[in-house]
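Notes to accompany the following structure.
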There are 2 protein chains.
Amino acid sequence: MNTLAEENYLKAIYKLSLTARNVSTNQIAAELATKASSVTDMVRKLADKALVNYARYQGVSLTKTGEKVALNIVRRHRLWEHFLVEKLHFKWHEVHEMAEEMEHISSTELINRLDAFMGYPTRDPHGDPIPDCDGNIKASALKPISIVKANTSGVISGVGDHTTSFLQYLEQQKLTIGKRVTIKEIIGYDNTVILEMDNKQLQISREVANNILIAI
Amino acid sequence: MNTLAEENYLKAIYKLSLTARNVSTNQIAAELATKASSVTDMVRKLADKALVNYARYQGVSLTKTGEKVALNIVRRHRLWEHFLVEKLHFKWHEVHEMAEEMEHISSTELINRLDAFMGYPTRDPHGDPIPDCDGNIKASALKPISIVKANTSGVISGVGDHTTSFLQYLEQQKLTIGKRVTIKEIIGYDNTVILEMDNKQLQISREVANNILIAI
DNA sequence: TTATTTTTTTAGACTTGCCTAAAATTATAA
DNA sequence: TTATAATTTTAGGCAAGTCTAAAAAAATAA
Ligand SMILES: [Mn+2]
Ligand SMILES: [Mn+2]
Ligand SMILES: [Mn+2]
Ligand SMILES: [Mn+2]
């Protein structure tokens with residue numbers, strides 16, 4: 001149906017569309033580590049296939065069809081990540097690169113059986129919601145720790161940064177999905193956040209607090 | 001390391017090498033449903049990478065390195081087939097196409113964990129041996145039913161034809177891996193074989209008998 | 001052994017996806 | 001509002017992998 005390159009572009013456009021209605025050529029190029037001119041070429045092809053809306057110099061958005069395709073790729077990516085962590089016991093920072101390859105395995109039946117095999121998980125190892133087989137996805141109302149008020153308590157439910165180094169740091173600090181934390185104080189000077197977790201206190205930087213998402 | 005196309009060529013050459021020392025351009029073209037001229041191009045590239053021995057008009061053979069790479073692809077293919085049947089409950093005739101894609105997932109650690117997850121299986125759903133992580137593979141001494149003498153008994157342990165239609169036919173007849181059969185008689189006229197299995201008699205054609213492999 | 005057929009390689013071309021450099025357009029600043 | 005800067009597109013090109021048609025080599029037949 002769609003080539004590997006096309007799938008990667010659609011997923012990138014989907015991701016960028018979460019924080020912008022119209023995605024720019026340069027944003028896509030940065031996301032995919034490619035050049036703006038390559039993006040222009042590909043976006044034209046995707047527009048010909050009616051997967052994106054595109055007018056030159058105006059940026060790109062997914063069509064309804066394009067969004068469905070993108071959600072399907074996201075579904076595959078996240079289900080494979082879940083499999084790698086839950087069944088093959090990889091750590092949450094180890095799975096993304098493998099899932100980048102596995103998300104392109106095309107069989108729908110395969111992915112639906114994988115879903116069933118794992119008991120229809122709703123979230124991937126990083127807390128991101130897994131779209132169902134019809135492309136429905138739960139928009140989770142999570143907040144970065146950095147913006148909640150002092151004395152608020154919540155459960156770590158997602159991360160805003162998926163890099164290996166960040167995930168490894170969180171794991172080392174035991175700041176993992178499902179942990180309950182209470183924001184005790186935000187220091188005015190540099191926005192350092194003082195947390196309480198497991199009856200112990202710990203401090204995290206503004207940068208880290210920005211990338212830990214909690215459900216209140 | 002190697003591209004998807006290169007991997008497919010190496011696997012094809014490996015397969016053809018099981019029944020010929022030097023594989024011809026046309027044989028590879030037929031196996032991969034491509035043209036002889038394309039094969040010549042690719043075989044040159046593989047020779048440059050020291051994965052095959054090649055001299056024009058002389059055919060192709062795998063180098064030691066090339067064989068190791070090929071065995072690794074075969075390992076991945078067969079482990080994924082085993083996963084699809086044993087964990088996701090696909091039928092043995094449904095898994096080959098999916099495994100054709102999955103065999104190209106590159107992580108060695110992934111495949112080793114998958115191997116462990118399934119308890120280090122030694123054979124794929126079609127009875128073919130699975131190479132271990134060092135590329136060691138057991139050459140199985142199986143015989144087609146068509147060449148054994150009357151009153152021989154053996155266990156179905158492999159198939160010589162992996163097409164969907166053949167596998168479906170075998171399943172319908174309950175002629176599956178692990179079943180014990182006794183060859184009662186081979187009719188001289190058209191080489192029809194009369195078998196006994198589960199205390200019942202059944203007849204199979206010479207063609208079918210040729211493609212059922214038994215261990216005696 | 002020479003002629004014919006088959007196999008394999010070469011030549012030239014096409015598509016996909018990518019690149020650099022230059023031109024066009026849009027955004028920002030003076 | 002005009003000049004400058006940033007973004008985006010166009011133009012031209014390259015590598016991988018494929019194809020068709022023609023040439024070369026090898027195998028087979030007369
Ligand atoms: Mn991921
Ligand atoms: Mn994820
Ligand atoms: Mn197979
Ligand atoms: Mn098999």
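Labels used: A, B, ... for chains in the order of the structure tokens, numbers from 1 for residues in each chain, and numbers from 1 for ligands as shown.
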Checklist entry - Which protein, DNA or RNA residues have an atom within 12 Å of ligand 1, counting only C-alpha atoms (C1' of nucleotides) and all ligand atoms, as a PyMOL selection string? => result chain A and resi 11-12+15+73-82+84-85+92-103+123-130+159-164+167
Checklist entry - Within 10 Å of chain A, which residues of chain C show up when using only C-alpha atoms (C1' of nucleotides), listed as a list of chain:residue names? => result C:DT16, C:DG17, C:DC18, C:DC19, C:DT20, C:DT25, C:DT26
Next on the checklist: Contacts from chain B to chain A, 9 Å maximum, only C-alpha atoms: show me the residue list as an MDAnalysis selection string.
Outcome noted: chainID B and resid 84 87:90 98 101:102 104:107 110 113:114 116:117
Selected residues, C-alpha atoms, written as a JSON list (two decimals), in the first residue's frame, please.
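The result, written out as result-v5.json:
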```
[["chain", "number", "residue", "atom", "x", "y", "z"],
["B", 84, "LEU", "CA", 3.23, -16.74, 14.84],
["B", 87, "LYS", "CA", 1.97, -17.69, 20.38],
["B", 88, "LEU", "CA", -0.44, -16.01, 17.99],
["B", 89, "HIS", "CA", -2.12, -19.25, 16.86],
["B", 90, "PHE", "CA", -1.83, -18.78, 13.12],
["B", 98, "MET", "CA", 4.47, -12.34, 7.35],
["B", 101, "GLU", "CA", 8.79, -9.18, 6.26],
["B", 102, "MET", "CA", 9.72, -9.92, 9.85],
["B", 104, "HIS", "CA", 14.43, -8.25, 8.08],
["B", 105, "ILE", "CA", 14.07, -6.78, 11.60],
["B", 106, "SER", "CA", 17.73, -6.32, 12.36],
["B", 107, "SER", "CA", 18.22, -6.52, 16.14],
["B", 110, "LEU", "CA", 15.59, -9.10, 19.83],
["B", 113, "ARG", "CA", 15.19, -12.93, 23.37],
["B", 114, "LEU", "CA", 12.44, -14.17, 21.10],
["B", 116, "ALA", "CA", 14.44, -17.66, 24.74],
["B", 117, "PHE", "CA", 10.78, -16.57, 25.08]]
```
Next on the checklist: Would you pick out the contacts of segment 68-71 of chain B at 8 Å or less, using only C-alpha atoms (C1' of nucleotides), so that residues sharing its chain but fewer than 3 positions from it are not included, and give the list as an MDAnalysis selection string?
Outcome noted: chainID B and resid 7 10:11 14 64:65 74:75 131 135
Item to check | Residues within 10 Å of DT6 of chain C, only C-alpha atoms (C1' of nucleotides), excluding chain neighbours under 5 positions, as a list in words | outcome: DA26, DA27 and DT28 of chain D
Would you put the residues from that selection into a file with N, CA and C atoms (P, O5', C5', C4', C3', O3' and C1' of nucleotides), as a PDB file, in the first residue's frame?
```pdb
ATOM      1  P    DA D  26      32.346 -18.465 -22.248  1.00  0.00           P
ATOM      2  O5'  DA D  26      31.090 -19.444 -22.317  1.00  0.00           O
ATOM      3  C5'  DA D  26      30.071 -19.297 -21.330  1.00  0.00           C
ATOM      4  C4'  DA D  26      29.023 -20.368 -21.544  1.00  0.00           C
ATOM      5  C3'  DA D  26      29.582 -21.777 -21.695  1.00  0.00           C
ATOM      6  O3'  DA D  26      28.869 -22.574 -20.787  1.00  0.00           O
ATOM      7  C1'  DA D  26      28.129 -21.265 -23.506  1.00  0.00           C
ATOM      8  P    DA D  27      29.022 -24.166 -20.705  1.00  0.00           P
ATOM      9  O5'  DA D  27      27.789 -24.657 -21.586  1.00  0.00           O
ATOM     10  C5'  DA D  27      26.473 -24.315 -21.136  1.00  0.00           C
ATOM     11  C4'  DA D  27      25.464 -24.971 -22.065  1.00  0.00           C
ATOM     12  C3'  DA D  27      25.652 -26.470 -22.260  1.00  0.00           C
ATOM     13  O3'  DA D  27      24.354 -27.043 -22.151  1.00  0.00           O
ATOM     14  C1'  DA D  27      25.613 -25.392 -24.365  1.00  0.00           C
ATOM     15  P    DT D  28      24.097 -28.623 -22.304  1.00  0.00           P
ATOM     16  O5'  DT D  28      23.600 -28.740 -23.814  1.00  0.00           O
ATOM     17  C5'  DT D  28      22.428 -28.011 -24.196  1.00  0.00           C
ATOM     18  C4'  DT D  28      22.127 -28.278 -25.651  1.00  0.00           C
ATOM     19  C3'  DT D  28      22.184 -29.755 -26.050  1.00  0.00           C
ATOM     20  O3'  DT D  28      20.933 -30.086 -26.618  1.00  0.00           O
ATOM     21  C1'  DT D  28      23.436 -28.415 -27.570  1.00  0.00           C
TER      22       DT D  28
END
```
Item to check | DSSP strand (DSSP E) residues within segment 5-109 of chain B, listed as number ranges by chain | outcome: B: 52-54, 60-62
Could you save the residues just selected, with all heavy atoms, as an mmCIF file, in the first residue's frame?
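Result file is out_11.cif:
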```
data_model
loop_
_atom_site.group_PDB
_atom_site.id
_atom_site.type_symbol
_atom_site.label_atom_id
_atom_site.label_comp_id
_atom_site.auth_asym_id
_atom_site.auth_seq_id
_atom_site.Cartn_x
_atom_site.Cartn_y
_atom_site.Cartn_z
ATOM 1 N N VAL B 52 29.459 -13.290 -1.786
ATOM 2 C CA VAL B 52 29.348 -14.408 -2.729
ATOM 3 C C VAL B 52 30.612 -14.501 -3.581
ATOM 4 O O VAL B 52 31.338 -13.516 -3.747
ATOM 5 C CB VAL B 52 28.128 -14.277 -3.677
ATOM 6 C CG1 VAL B 52 26.826 -14.193 -2.909
ATOM 7 C CG2 VAL B 52 28.278 -13.072 -4.614
ATOM 8 N N ASN B 53 30.855 -15.712 -4.091
ATOM 9 C CA ASN B 53 31.895 -15.920 -5.095
ATOM 10 C C ASN B 53 31.210 -15.846 -6.449
ATOM 11 O O ASN B 53 30.184 -16.508 -6.651
ATOM 12 C CB ASN B 53 32.521 -17.303 -4.927
ATOM 13 C CG ASN B 53 33.031 -17.513 -3.520
ATOM 14 O OD1 ASN B 53 32.535 -18.379 -2.799
ATOM 15 N ND2 ASN B 53 34.001 -16.720 -3.114
ATOM 16 N N TYR B 54 31.798 -15.057 -7.326
ATOM 17 C CA TYR B 54 31.150 -14.880 -8.617
ATOM 18 C C TYR B 54 32.180 -14.608 -9.699
ATOM 19 O O TYR B 54 33.078 -13.777 -9.528
ATOM 20 C CB TYR B 54 30.155 -13.724 -8.551
ATOM 21 C CG TYR B 54 29.619 -13.280 -9.890
ATOM 22 C CD1 TYR B 54 28.734 -14.082 -10.600
ATOM 23 C CD2 TYR B 54 29.998 -12.058 -10.437
ATOM 24 C CE1 TYR B 54 28.234 -13.684 -11.833
ATOM 25 C CE2 TYR B 54 29.505 -11.642 -11.669
ATOM 26 C CZ TYR B 54 28.627 -12.461 -12.362
ATOM 27 O OH TYR B 54 28.140 -12.076 -13.576
ATOM 28 N N VAL B 60 27.051 -18.637 -9.032
ATOM 29 C CA VAL B 60 27.303 -17.984 -7.757
ATOM 30 C C VAL B 60 27.344 -19.000 -6.632
ATOM 31 O O VAL B 60 26.613 -19.982 -6.660
ATOM 32 C CB VAL B 60 26.172 -16.977 -7.451
ATOM 33 C CG1 VAL B 60 26.451 -16.201 -6.177
ATOM 34 C CG2 VAL B 60 25.944 -16.033 -8.617
ATOM 35 N N SER B 61 28.207 -18.757 -5.643
ATOM 36 C CA SER B 61 28.138 -19.516 -4.387
ATOM 37 C C SER B 61 28.383 -18.563 -3.235
ATOM 38 O O SER B 61 28.989 -17.506 -3.410
ATOM 39 C CB SER B 61 29.181 -20.635 -4.387
ATOM 40 O OG SER B 61 30.485 -20.076 -4.408
ATOM 41 N N LEU B 62 27.898 -18.918 -2.067
ATOM 42 C CA LEU B 62 28.080 -18.067 -0.895
ATOM 43 C C LEU B 62 29.497 -18.215 -0.351
ATOM 44 O O LEU B 62 30.049 -19.318 -0.332
ATOM 45 C CB LEU B 62 27.085 -18.447 0.206
ATOM 46 C CG LEU B 62 25.611 -18.165 -0.062
ATOM 47 C CD1 LEU B 62 24.749 -18.780 1.041
ATOM 48 C CD2 LEU B 62 25.338 -16.681 -0.174
#
```
